[in-house]
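What follows is a single structure, written as C-alpha cells, with notes after it.
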Amino acid sequence: MANSTKAQSNREIQNDQLLDMYKEMVLCRTLDERIWMLNRQGKAAIVASSQGHEAGQIGSVAALRKGYDQCYIYYRDLAVLLTLGLTPAEIIKGFVAKEGEPLSGARQFPTHGAHPEYGVINLSNVIATHIPQAVGAALTAKMKKEDRVIVAYFGDGASSAGDCHEAMNFAAIHKLPIIFFCENNGYAISVPLSKQMAVDSVASRAEGYGMPGIEIDGCDIVTVYETTVEAVSRARAGLGPTLIEANVERYLPHTSDDDDSIYRPAEEIEEAKKRDPLQLLSKQLFELNILDEKEDQAIRENAKTIVNMATEEAENAPYPETTDFHKHVYSE
Amino acid sequence: MPVITVLEAIRDAMREEMRKDERVFVMGEDIGARGGVFLATDGFLSEFGEERVIDTPLAESSIAGIALGSAMSGLRPIAEIEFADFIWPTINQIVGEASKVRYGTEGKLQAPMVLRAPQGGGVRGALYHSQSVEALFAHTPGLKVVTPSTPYDAKGLLKASIRDDDPVIFLEHKRTYRLVKGEVPEEEYTIPIGKADIKKSGDDLSIITYGLMVHHCLEAAQLAASKNISVEVLDLRTVRPLDVESIIGTVEKTGKVLIVYEDNQALGIGSEVSALISEHAFEYLDAPVVRLGGPEVPAMPFSPPLENMFMIDTEKISTAINKLAEY
Ligand SMILES: Cc1ncc(C[n+]2csc(CCOP(=O)(O)OP(=O)(O)O)c2C)c(N)n1
Ligand SMILES: [Mg+2]
C-alpha cells in the first residue's frame with residue numbers, strides 16, 4: 001500500500017504463548033456467540049460482536065505490559081477486555097445490565113466504563129472521542145517520565161473524525177508513547193471504505209502526520225503481535241507514536257440492531273470467513289504440532305463450560321439498586 | 001385519511017420536498033444503501049441517486065459545516081445526525097456559525113438548512129443513545145428548534161423547516177418513530193414553526209410539554225379526568241421560537257401550570273416557559289408553576305431500574321397533577 005511500511009520483525013513468539021492466545025481466542029469467540037444469543041433471546045439489549053477482530057485484539061494486547069500500559073478501547077474490543085482480565089461473568093453482567101458489572105455499574109452500554117486496575121478505559125459510545133483522550137494519557141506518561149505505553153483502539157470509521165486527525169497530529173509533534181491501532185473491517189455500519197476515504201489505507205495517512213504507518217493482516221495473530229511489539233518498543237524508547245492498521249473482518253451485522261443484508265452481499269461475508277482468525281490460528285498450531293484434535297476439543301469444551309457458568313451467574317444476579325442513582329455526579 | 005407512523009411521516013415529508021425542489025438533498029451517515037439506521041431515508045438512494053443522497057464519512061463537524069456551506073450557496077440540505085448524542089461536534093458549525101450567518105452579514109447571506117436528529121430515551125439506549133439536546137440549541141437566537149410529537153405535526157413541521165430560510169434543528173423523539181401512529185392527510189400541508197397546539201382542552205390545570213412527553217401527558221390527563229380533574233395539554237411543538245401567546249392563553253384559562261420535559265430540568269425549556277409565565281401571566285396564576293423534568297444526572301443510565309428512575313412516565317406525571325390540583 002502507498003506510503004506504508006510493511007511489518008518487519010524477527011521477534012520470535014513462543015509456542016506456549018501461541019497456545020495461550022489460542023485459548024483466549026476460543027474463549028472470546030464462545031463468549032461472543034453466547035452474548036449474541038442472549039440478545040436474540042431478548043436478554044441483552046444491544047451487542048456489538050468481536051467475531052473476526054479477535055486476532056488483532058489479542059495479538060496486540062499480548063505485546064503490552066498488562067495492568068501498566070493503558071488501552072483506550074471501543075465497543076468492539078471484547079477480546080481486549082477479556083485478555084486484560086475481566087471475567088466472562090463480569091462481561092455478561094454488562095450485557096444483561098446486572099449488579100456487579102465492574103466497568104460502570106451497568107450505567108453504560110455493555111463493555112463501557114473503566115477498569116483502572118487493568119488499565120482499560122471505554123468511556124463513551126461517541127466514536128473517536130477517546131483518541132485525543134488517549135493522547136492525553138500518553139502526554140501524562142511522558143510528563144511523568146513513566147515508560148507507560150498507551151494504545152488507542154478504533155475502527156476505520158473513526159479514522160474520519162476530526163478528533164482522530166487532531167490527536168494523531170499532536171502525538172506525532174510531541175513524540176508521545178502511543179499506538180494508534182485501527183481495526184479496519186471495511187465498514188462503518190453500512191458505509192464501505194470507498195465512501196469513507198479516497199486513499200486506499202488508513203496507515204498511508206501516517207506519513208502526513210510524521211509517524212510510521214503500518215498496514216498488516218489483522219487476522220494473523222503472529223503478525224499483529226510482532227508489529228505491536230515493535231511499536232511498543234519505539235514508544236517506550238521515546239521515539240513516538242505508530243499507526244497500525246490491522247485489516248480484520250466483521251462477520252456479523254454492525255450490532256444486534258443492524259440488518260447487514262440490506263447493504264452487504266452474503267458472498268462477501270462467506271469470502272471473509274476464509275480468513276477467520278480462529279481457524280487460521282488453529283491451523284497454524286496443528287501444523288506446528290502444538291495442538292492436536294484431542295486437546296483442541298478439550299479447549300473448546302472448557303470454554304463452553306466457563307461461558308455456561310458465567311451466563312448462569314450473570315443471569316441470576318439482581319439488577320442494580322437505585323439508591324446510588326444520584327451518586328458520582330460530582331466528587332463528594 | 002391514512003394512518004402512518006412518525007417515522008413514515010418524516011420520510012414522506014423529505015421525499016415530497018425532494019421531488020418538488022431540486023435544491024433539497026440529504027446527507028449523513030448510513031443514509032444511502034442502509035436507508036438510515038432508523039430507515040428515515042429508506043428507498044431514497046434508488047429514487048434520487050447518489051448525488052442527492054450522500055453517505056458521509058463518520059465526521060459530524062463536517063456534516064454540519066458542509067451542509068451550512070451548501071445552504072449559504074443556494075442549496076437546501078437536510079443533514080442527519082445519526083443520534084442526537086453525536087451532535088456535539090456540530091455545535092461549532094451550528095451554534096457558533098449557522099446562527100450568525102444572517103446577522104453577521106447584514107442579511108446578505110442566509111442558511112436554509114435542516115439538521116435532523118433522533119433524540120430521547122426510554123429505549124435502553126444508555127448514556128449515549130438517549131440524550132435530549134434541545135435546550136443547548138434553543139439558547140441561541142438565529143436558530144429554530146422543532147420537537148414534534150405526532151405524525152401529522154412531524155410531517156407538516158418538517159416540510160415547513162425545509163422551506164424555512166433559517167437554520168432549523170429538527171429533533172425527533174426516537175421512541176415515537178414506530179410507537180406513535182396517527183392520521184395524516186394525503187393533500188399538501190405545512191405547519192407554521194412557532195405555533196403551539198392544544199392537544200387536549202381542559203379547565204383545571206394546564207400541562208405544557210412537547211415531544212414524546214405529550215403522549216404520557218395525554219394519558220395522565222385521561223386518568224385525571226376520572227378523578228374529575230380537567231387537564232389541558234399544550235404541545236409546544238417548537239421550542240424556539242416559543243409560542244408565548246398560547247402559553248399565556250392556557251395559563252389564563254386554568255391558573256395552574258405543570259411543565260413536563262424529559263431533558264435536564266435545570267436551565268431547560270421549562271425554565272424559560274416558567275420565566276415567561278411569571279413575566280407575562282403572573283396575575284392569572286393560582287399556584288406556583290411546577291416543572292417535572294429530567295433528574296440531576298448527566299445522562300440516562302442503561303440498566304432497567306436506573307433507566308426507569310430517569311424517565312418521566314405517566315405515573316410520575318399523574319402524581320404531579322394530583323399534587324398541583326390540590327394546591
Ligand atoms: C460520533 C459518532 N457518530 C456516529 C455514531 C454511530 N455509529 C456507531 S458505530 C458507527 C460506525 C463505526 O465504524 P468503525 O469505526 O469502522 O467501527 P466498527 O463498528 O466497524 O468496528 C457509527 C457511525 C457514533 N457512535 N458516534
Ligand atoms: Mg469498521
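Please note that chains go A, B, ... in the order of the C-alpha cells, that every chain numbers its residues from 1, and that ligands are numbered from 1 in the order shown.
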
Compute the chain A side of the contact with chain B at 10 Å, counting only C-alpha atoms, and hand it back as a short mmCIF file (atom, residue, chain, number, x, y, z; two decimals) with C-alpha atoms, in the first residue's frame.
data_model
loop_
_atom_site.label_atom_id
_atom_site.label_comp_id
_atom_site.auth_asym_id
_atom_site.auth_seq_id
_atom_site.Cartn_x
_atom_site.Cartn_y
_atom_site.Cartn_z
CA ALA A 45 -30.47 -5.11 24.79
CA ILE A 46 -27.53 -4.44 22.48
CA GLY A 94 -22.72 -5.80 31.38
CA PHE A 95 -24.85 -7.20 28.59
CA VAL A 96 -27.72 -8.14 30.88
CA ALA A 97 -27.24 -4.91 32.88
CA LYS A 98 -26.87 -6.57 36.26
CA GLU A 99 -25.34 -5.61 39.56
CA SER A 104 -19.87 1.32 35.03
CA GLY A 105 -22.17 -0.47 37.45
CA ALA A 106 -24.45 -1.17 34.48
CA ARG A 107 -24.99 2.55 33.93
CA GLN A 108 -23.45 2.29 30.48
CA PHE A 109 -23.81 0.10 27.45
CA PRO A 110 -22.02 -3.23 27.87
CA SER A 124 -18.05 6.64 25.59
CA ASN A 125 -20.08 5.43 22.63
CA VAL A 126 -19.24 8.59 20.77
CA ILE A 127 -16.83 7.46 18.09
CA ALA A 128 -13.28 8.82 18.17
CA ASP A 156 -11.87 2.56 10.14
CA GLY A 157 -14.96 4.72 10.56
CA ALA A 158 -13.44 6.56 13.50
CA SER A 159 -10.42 7.48 11.39
CA SER A 160 -12.58 10.03 9.53
CA ALA A 161 -13.35 12.08 12.61
CA GLY A 162 -11.59 15.36 13.22
CA ASP A 163 -10.72 14.21 16.72
CA CYS A 164 -8.69 11.37 15.23
CA ALA A 188 -18.60 1.96 9.30
CA ILE A 189 -22.00 0.34 9.87
CA SER A 190 -23.09 0.28 6.20
CA VAL A 191 -20.65 2.77 4.74
CA PRO A 192 -17.87 0.97 2.85
CA LEU A 193 -14.29 2.16 2.84
CA SER A 194 -14.64 3.70 -0.62
CA LYS A 195 -17.15 6.18 0.77
CA GLN A 196 -15.02 6.93 3.84
CA MET A 197 -11.72 7.79 2.21
CA ASP A 257 -29.88 -3.82 15.88
CA ASP A 258 -28.50 -3.86 12.37
CA ASP A 259 -29.57 -5.81 9.28
CA ASP A 260 -26.49 -6.11 7.08
CA SER A 261 -28.33 -7.93 4.30
CA ILE A 262 -29.59 -4.50 3.16
CA TYR A 263 -26.10 -3.33 2.21
CA ARG A 264 -23.67 -6.26 2.24
CA TYR A 319 -30.42 -5.58 38.88
CA PRO A 320 -28.53 -2.72 40.49
CA GLU A 321 -30.20 -0.87 43.37
CA THR A 322 -31.46 2.59 42.55
CA THR A 323 -30.11 4.01 45.81
CA ASP A 324 -26.90 5.16 44.13
CA PHE A 325 -28.68 6.70 41.17
CA HIS A 326 -27.54 10.24 42.02
CA LYS A 327 -24.07 9.27 43.16
CA HIS A 328 -20.87 10.21 41.31
CA VAL A 329 -22.11 13.28 39.53
CA TYR A 330 -19.57 15.35 41.46
#

message: List as a list in words the protein and nucleic acid residues near range 48-52 of chain B, meaning an atom at most 6 Å away when only C-alpha atoms are counted, but skip any in the same chain fewer than 3 places from it.
response: Phe25, Phe44 and Leu45 of chain B

field: range 219-307 of chain B: residues DSSP assigns to strand (DSSP E), reported as a PyMOL selection string
entry: chain B and resi 231-235+238-240+257-264+290-294

Requested write-out: C-alpha atoms of the selected residues, as a compact mmCIF listing (two decimals), in the first residue's frame:
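As written to disk, selection_11.txt reads:
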# COMPACT_ATOMS: atom_id res chain seq x y z
CA VAL B 231 -56.40 18.91 32.32
CA GLU B 232 -55.40 20.92 29.28
CA VAL B 233 -52.37 19.67 27.33
CA LEU B 234 -50.50 22.28 25.33
CA ASP B 235 -47.93 20.85 22.92
CA THR B 238 -41.44 24.30 18.57
CA VAL B 239 -39.19 25.17 21.49
CA ARG B 240 -37.61 28.11 19.64
CA VAL B 257 -49.28 25.02 35.20
CA LEU B 258 -47.22 21.86 35.10
CA ILE B 259 -44.36 21.82 32.61
CA VAL B 260 -43.19 18.36 31.61
CA TYR B 261 -39.99 17.62 29.71
CA GLU B 262 -37.54 14.75 29.52
CA ASP B 263 -34.42 16.90 29.08
CA ASN B 264 -32.45 18.03 32.15
CA VAL B 290 -44.29 23.30 38.63
CA ARG B 291 -41.60 21.70 36.45
CA LEU B 292 -41.26 17.96 36.02
CA GLY B 293 -38.02 17.40 34.12
CA GLY B 294 -35.01 15.15 33.92

field: Pick from A:Lys274, A:Tyr75, A:Val232, A:Leu103 nearest to ligand 2, counting only C-alpha atoms and all ligand atoms
entry: A:Tyr75

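Non-sequential neighbours of Tyr225 in chain A (distance at most 7 Å, separation of 2 or more positions within a chain, only C-alpha atoms) are Gly59, Ser60, Ala62, Ala63, Ile221, Val222, Thr223, Thr227, Thr228 and Val229 of chain A.
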
Residues just named, written with C-alpha atoms as a PDB file, in the first residue's frame:
ATOM      1  CA  GLY A  59      -2.242 -10.192  19.403  1.00  0.00           C
ATOM      2  CA  SER A  60      -1.810  -6.543  20.294  1.00  0.00           C
ATOM      3  CA  ALA A  62      -0.076  -9.695  24.203  1.00  0.00           C
ATOM      4  CA  ALA A  63       2.618  -7.150  23.323  1.00  0.00           C
ATOM      5  CA  ILE A 221      -2.101 -13.070  15.199  1.00  0.00           C
ATOM      6  CA  VAL A 222       1.653 -13.546  14.863  1.00  0.00           C
ATOM      7  CA  THR A 223       1.974 -10.569  12.537  1.00  0.00           C
ATOM      8  CA  THR A 227       4.147  -5.461  14.743  1.00  0.00           C
ATOM      9  CA  THR A 228       2.799  -4.282  18.071  1.00  0.00           C
ATOM     10  CA  VAL A 229       5.944  -5.376  19.924  1.00  0.00           C
TER      11      VAL A 229
END

query: Got a sec: who's within 9 Å of Val24 in chain B, counting only C-alpha atoms, leaving out chain neighbours fewer than 4 positions off, as a PyMOL selection string?
result: chain B and resi 14+17-20+52+75-78+162

Could you dump the residues just selected with N, CA, C and O atoms as a PDB file, in the first residue's frame?
ATOM      1  N   MET B  14     -39.728  14.453   3.656  1.00  0.00           N
ATOM      2  CA  MET B  14     -38.468  14.660   2.928  1.00  0.00           C
ATOM      3  C   MET B  14     -38.621  14.268   1.462  1.00  0.00           C
ATOM      4  O   MET B  14     -38.158  14.970   0.565  1.00  0.00           O
ATOM      5  N   GLU B  17     -40.619  16.859  -0.505  1.00  0.00           N
ATOM      6  CA  GLU B  17     -39.866  18.096  -0.732  1.00  0.00           C
ATOM      7  C   GLU B  17     -38.736  17.873  -1.746  1.00  0.00           C
ATOM      8  O   GLU B  17     -38.424  18.752  -2.533  1.00  0.00           O
ATOM      9  N   MET B  18     -38.137  16.690  -1.707  1.00  0.00           N
ATOM     10  CA  MET B  18     -37.057  16.407  -2.676  1.00  0.00           C
ATOM     11  C   MET B  18     -37.607  16.271  -4.082  1.00  0.00           C
ATOM     12  O   MET B  18     -36.959  16.640  -5.057  1.00  0.00           O
ATOM     13  N   ARG B  19     -38.820  15.742  -4.187  1.00  0.00           N
ATOM     14  CA  ARG B  19     -39.438  15.623  -5.511  1.00  0.00           C
ATOM     15  C   ARG B  19     -39.766  17.005  -6.070  1.00  0.00           C
ATOM     16  O   ARG B  19     -39.675  17.244  -7.257  1.00  0.00           O
ATOM     17  N   LYS B  20     -40.162  17.894  -5.158  1.00  0.00           N
ATOM     18  CA  LYS B  20     -40.630  19.200  -5.607  1.00  0.00           C
ATOM     19  C   LYS B  20     -39.503  20.195  -5.873  1.00  0.00           C
ATOM     20  O   LYS B  20     -39.622  21.068  -6.721  1.00  0.00           O
ATOM     21  N   ARG B  52     -27.808  13.187  -4.595  1.00  0.00           N
ATOM     22  CA  ARG B  52     -28.705  13.875  -3.651  1.00  0.00           C
ATOM     23  C   ARG B  52     -28.931  13.071  -2.384  1.00  0.00           C
ATOM     24  O   ARG B  52     -29.701  13.492  -1.509  1.00  0.00           O
ATOM     25  N   LEU B  75     -28.207  25.815  -1.870  1.00  0.00           N
ATOM     26  CA  LEU B  75     -28.923  24.547  -1.772  1.00  0.00           C
ATOM     27  C   LEU B  75     -29.751  24.506  -0.481  1.00  0.00           C
ATOM     28  O   LEU B  75     -29.710  25.430   0.329  1.00  0.00           O
ATOM     29  N   ARG B  76     -30.514  23.426  -0.336  1.00  0.00           N
ATOM     30  CA  ARG B  76     -31.359  23.261   0.857  1.00  0.00           C
ATOM     31  C   ARG B  76     -31.080  21.894   1.468  1.00  0.00           C
ATOM     32  O   ARG B  76     -31.844  20.949   1.287  1.00  0.00           O
ATOM     33  N   PRO B  77     -29.974  21.782   2.204  1.00  0.00           N
ATOM     34  CA  PRO B  77     -29.584  20.478   2.738  1.00  0.00           C
ATOM     35  C   PRO B  77     -30.441  20.040   3.924  1.00  0.00           C
ATOM     36  O   PRO B  77     -30.886  20.866   4.727  1.00  0.00           O
ATOM     37  N   ILE B  78     -30.659  18.734   3.988  1.00  0.00           N
ATOM     38  CA  ILE B  78     -31.191  18.117   5.203  1.00  0.00           C
ATOM     39  C   ILE B  78     -30.083  17.191   5.682  1.00  0.00           C
ATOM     40  O   ILE B  78     -29.806  16.166   5.048  1.00  0.00           O
ATOM     41  N   ILE B 162     -37.910  22.595   6.036  1.00  0.00           N
ATOM     42  CA  ILE B 162     -37.123  22.506   4.802  1.00  0.00           C
ATOM     43  C   ILE B 162     -37.300  23.786   3.975  1.00  0.00           C
ATOM     44  O   ILE B 162     -36.361  24.280   3.363  1.00  0.00           O
TER      45      ILE B 162
END

field: Contacts of Val244 in chain B within 12 Å, only C-alpha atoms, excl. fewer than 6 positions in-chain, as a PyMOL selection string
entry: chain B and resi 194-197+208+234+236+238+250-251+272-281

query: What are the DSSP helix (DSSP H, G or I) residues of range 58-284 of chain A, as an NGL selection string?
result: :A and (58-61 or 78-84 or 88-95 or 116-118 or 130-143 or 157-160 or 162-173 or 193-196 or 203-209 or 221-236 or 260-262 or 266-273 or 277-284)

Limited to C-alpha atoms, could you put the picked residues into a file as an mmCIF file, in the first residue's frame?
data_model
loop_
_atom_site.group_PDB
_atom_site.id
_atom_site.type_symbol
_atom_site.label_atom_id
_atom_site.label_comp_id
_atom_site.auth_asym_id
_atom_site.auth_seq_id
_atom_site.Cartn_x
_atom_site.Cartn_y
_atom_site.Cartn_z
ATOM 1 C CA ILE A 58 -5.470 -10.494 21.391
ATOM 2 C CA GLY A 59 -2.242 -10.192 19.403
ATOM 3 C CA SER A 60 -1.810 -6.543 20.294
ATOM 4 C CA VAL A 61 -2.635 -6.889 23.991
ATOM 5 C CA LEU A 78 -14.387 -7.741 23.721
ATOM 6 C CA ALA A 79 -11.147 -9.692 23.401
ATOM 7 C CA VAL A 80 -9.119 -6.788 24.790
ATOM 8 C CA LEU A 81 -11.295 -6.711 27.899
ATOM 9 C CA LEU A 82 -11.145 -10.451 28.302
ATOM 10 C CA THR A 83 -7.390 -10.760 27.880
ATOM 11 C CA LEU A 84 -6.762 -7.824 30.196
ATOM 12 C CA PRO A 88 -16.737 -13.747 31.341
ATOM 13 C CA ALA A 89 -19.273 -13.387 34.164
ATOM 14 C CA GLU A 90 -18.350 -9.731 34.654
ATOM 15 C CA ILE A 91 -18.639 -9.140 30.936
ATOM 16 C CA ILE A 92 -22.019 -10.855 30.587
ATOM 17 C CA LYS A 93 -23.304 -8.849 33.540
ATOM 18 C CA GLY A 94 -22.716 -5.797 31.377
ATOM 19 C CA PHE A 95 -24.853 -7.202 28.594
ATOM 20 C CA PRO A 116 -8.161 1.366 36.026
ATOM 21 C CA GLU A 117 -6.587 -1.677 37.653
ATOM 22 C CA TYR A 118 -6.476 -3.417 34.282
ATOM 23 C CA HIS A 130 -11.289 8.602 23.070
ATOM 24 C CA ILE A 131 -8.447 9.080 20.615
ATOM 25 C CA PRO A 132 -7.403 12.549 21.832
ATOM 26 C CA GLN A 133 -8.022 11.340 25.395
ATOM 27 C CA ALA A 134 -5.581 8.504 24.801
ATOM 28 C CA VAL A 135 -3.081 11.043 23.524
ATOM 29 C CA GLY A 136 -3.646 12.961 26.757
ATOM 30 C CA ALA A 137 -2.772 9.825 28.706
ATOM 31 C CA ALA A 138 0.365 9.465 26.609
ATOM 32 C CA LEU A 139 1.234 13.072 27.386
ATOM 33 C CA THR A 140 0.849 12.242 31.076
ATOM 34 C CA ALA A 141 3.214 9.298 30.751
ATOM 35 C CA LYS A 142 5.772 11.495 29.032
ATOM 36 C CA MET A 143 5.472 14.350 31.533
ATOM 37 C CA GLY A 157 -14.956 4.721 10.563
ATOM 38 C CA ALA A 158 -13.437 6.558 13.496
ATOM 39 C CA SER A 159 -10.423 7.485 11.390
ATOM 40 C CA SER A 160 -12.584 10.033 9.528
ATOM 41 C CA GLY A 162 -11.593 15.362 13.216
ATOM 42 C CA ASP A 163 -10.722 14.213 16.720
ATOM 43 C CA CYS A 164 -8.691 11.373 15.230
ATOM 44 C CA HIS A 165 -6.689 13.609 12.896
ATOM 45 C CA GLU A 166 -6.083 16.227 15.546
ATOM 46 C CA ALA A 167 -4.976 13.628 18.072
ATOM 47 C CA MET A 168 -2.513 11.971 15.693
ATOM 48 C CA ASN A 169 -1.023 15.294 14.747
ATOM 49 C CA PHE A 170 -0.405 16.257 18.373
ATOM 50 C CA ALA A 171 1.005 12.856 19.290
ATOM 51 C CA ALA A 172 3.487 12.986 16.430
ATOM 52 C CA ILE A 173 4.596 16.534 17.225
ATOM 53 C CA LEU A 193 -14.286 2.160 2.840
ATOM 54 C CA SER A 194 -14.642 3.699 -0.623
ATOM 55 C CA LYS A 195 -17.145 6.185 0.770
ATOM 56 C CA GLN A 196 -15.024 6.934 3.835
ATOM 57 C CA ALA A 203 -1.965 3.698 7.507
ATOM 58 C CA SER A 204 -0.970 5.721 4.471
ATOM 59 C CA ARG A 205 -2.062 8.865 6.297
ATOM 60 C CA ALA A 206 0.621 8.396 8.922
ATOM 61 C CA GLU A 207 3.238 9.990 6.726
ATOM 62 C CA GLY A 208 1.223 13.188 6.709
ATOM 63 C CA TYR A 209 1.449 13.345 10.489
ATOM 64 C CA ILE A 221 -2.101 -13.070 15.199
ATOM 65 C CA VAL A 222 1.653 -13.546 14.863
ATOM 66 C CA THR A 223 1.974 -10.569 12.537
ATOM 67 C CA VAL A 224 -0.183 -8.491 14.847
ATOM 68 C CA TYR A 225 1.896 -9.447 17.855
ATOM 69 C CA GLU A 226 5.225 -8.774 16.194
ATOM 70 C CA THR A 227 4.147 -5.461 14.743
ATOM 71 C CA THR A 228 2.799 -4.282 18.071
ATOM 72 C CA VAL A 229 5.944 -5.376 19.924
ATOM 73 C CA GLU A 230 7.933 -3.196 17.556
ATOM 74 C CA ALA A 231 5.629 -0.212 18.029
ATOM 75 C CA VAL A 232 5.677 -0.668 21.814
ATOM 76 C CA SER A 233 9.451 -0.619 21.923
ATOM 77 C CA ARG A 234 9.519 2.525 19.786
ATOM 78 C CA ALA A 235 7.059 4.172 22.129
ATOM 79 C CA ARG A 236 8.883 3.105 25.294
ATOM 80 C CA ASP A 260 -26.490 -6.110 7.080
ATOM 81 C CA SER A 261 -28.334 -7.926 4.296
ATOM 82 C CA ILE A 262 -29.590 -4.503 3.157
ATOM 83 C CA ALA A 266 -23.706 -12.582 1.657
ATOM 84 C CA GLU A 267 -20.912 -13.849 -0.614
ATOM 85 C CA GLU A 268 -18.618 -11.163 0.728
ATOM 86 C CA ILE A 269 -19.049 -12.496 4.253
ATOM 87 C CA GLU A 270 -18.515 -16.059 3.067
ATOM 88 C CA GLU A 271 -15.312 -14.942 1.396
ATOM 89 C CA ALA A 272 -14.212 -13.158 4.573
ATOM 90 C CA LYS A 273 -14.722 -16.334 6.587
ATOM 91 C CA PRO A 277 -8.547 -15.655 12.643
ATOM 92 C CA LEU A 278 -9.622 -18.546 14.836
ATOM 93 C CA GLN A 279 -9.284 -21.092 12.058
ATOM 94 C CA LEU A 280 -6.019 -19.582 10.876
ATOM 95 C CA LEU A 281 -4.523 -19.887 14.339
ATOM 96 C CA SER A 282 -5.721 -23.432 14.929
ATOM 97 C CA LYS A 283 -4.330 -24.453 11.542
ATOM 98 C CA GLN A 284 -1.011 -22.903 12.471
#

Nearest to Gln51 in chain A by atom-to-atom distance, counting only C-alpha atoms, from A:Val151, A:Leu64, A:Ile306, A:Val26: A:Val26

query: Using only C-alpha atoms and all ligand atoms, which residue out of B:Gly28, B:Gly249, B:Gly96, B:Gly122 lies closest to ligand 1?
result: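 Smallest distance to ligand 1 is found for B:Gly28.
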
task: Tell me, as a list in words, which residues lie within 9 Å of range 319-321 of chain B, counting only C-alpha atoms; anything in the same chain fewer than 4 positions away does not count.
output: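 Non-adjacent residues within range: Leu205, Ile207, Ala220, Ala221, Ala224, Ile229, Val231, Leu258, Val290, Leu292, Thr314, Glu315, Ala325 and Glu326 of chain B.
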
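If you measure from each of A:Glu332, A:Leu252, A:Gly52, A:Tyr22 to Ile290 in chain A using only C-alpha atoms, the closest one turns out to be A:Tyr22.
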
- prompt: What separation in Å, quoted to one decimal, exists between atom 5 (C, counted along the ligand's line) of ligand 1 and CA of Glu82 in chain B?
  reply: 6.3 Å
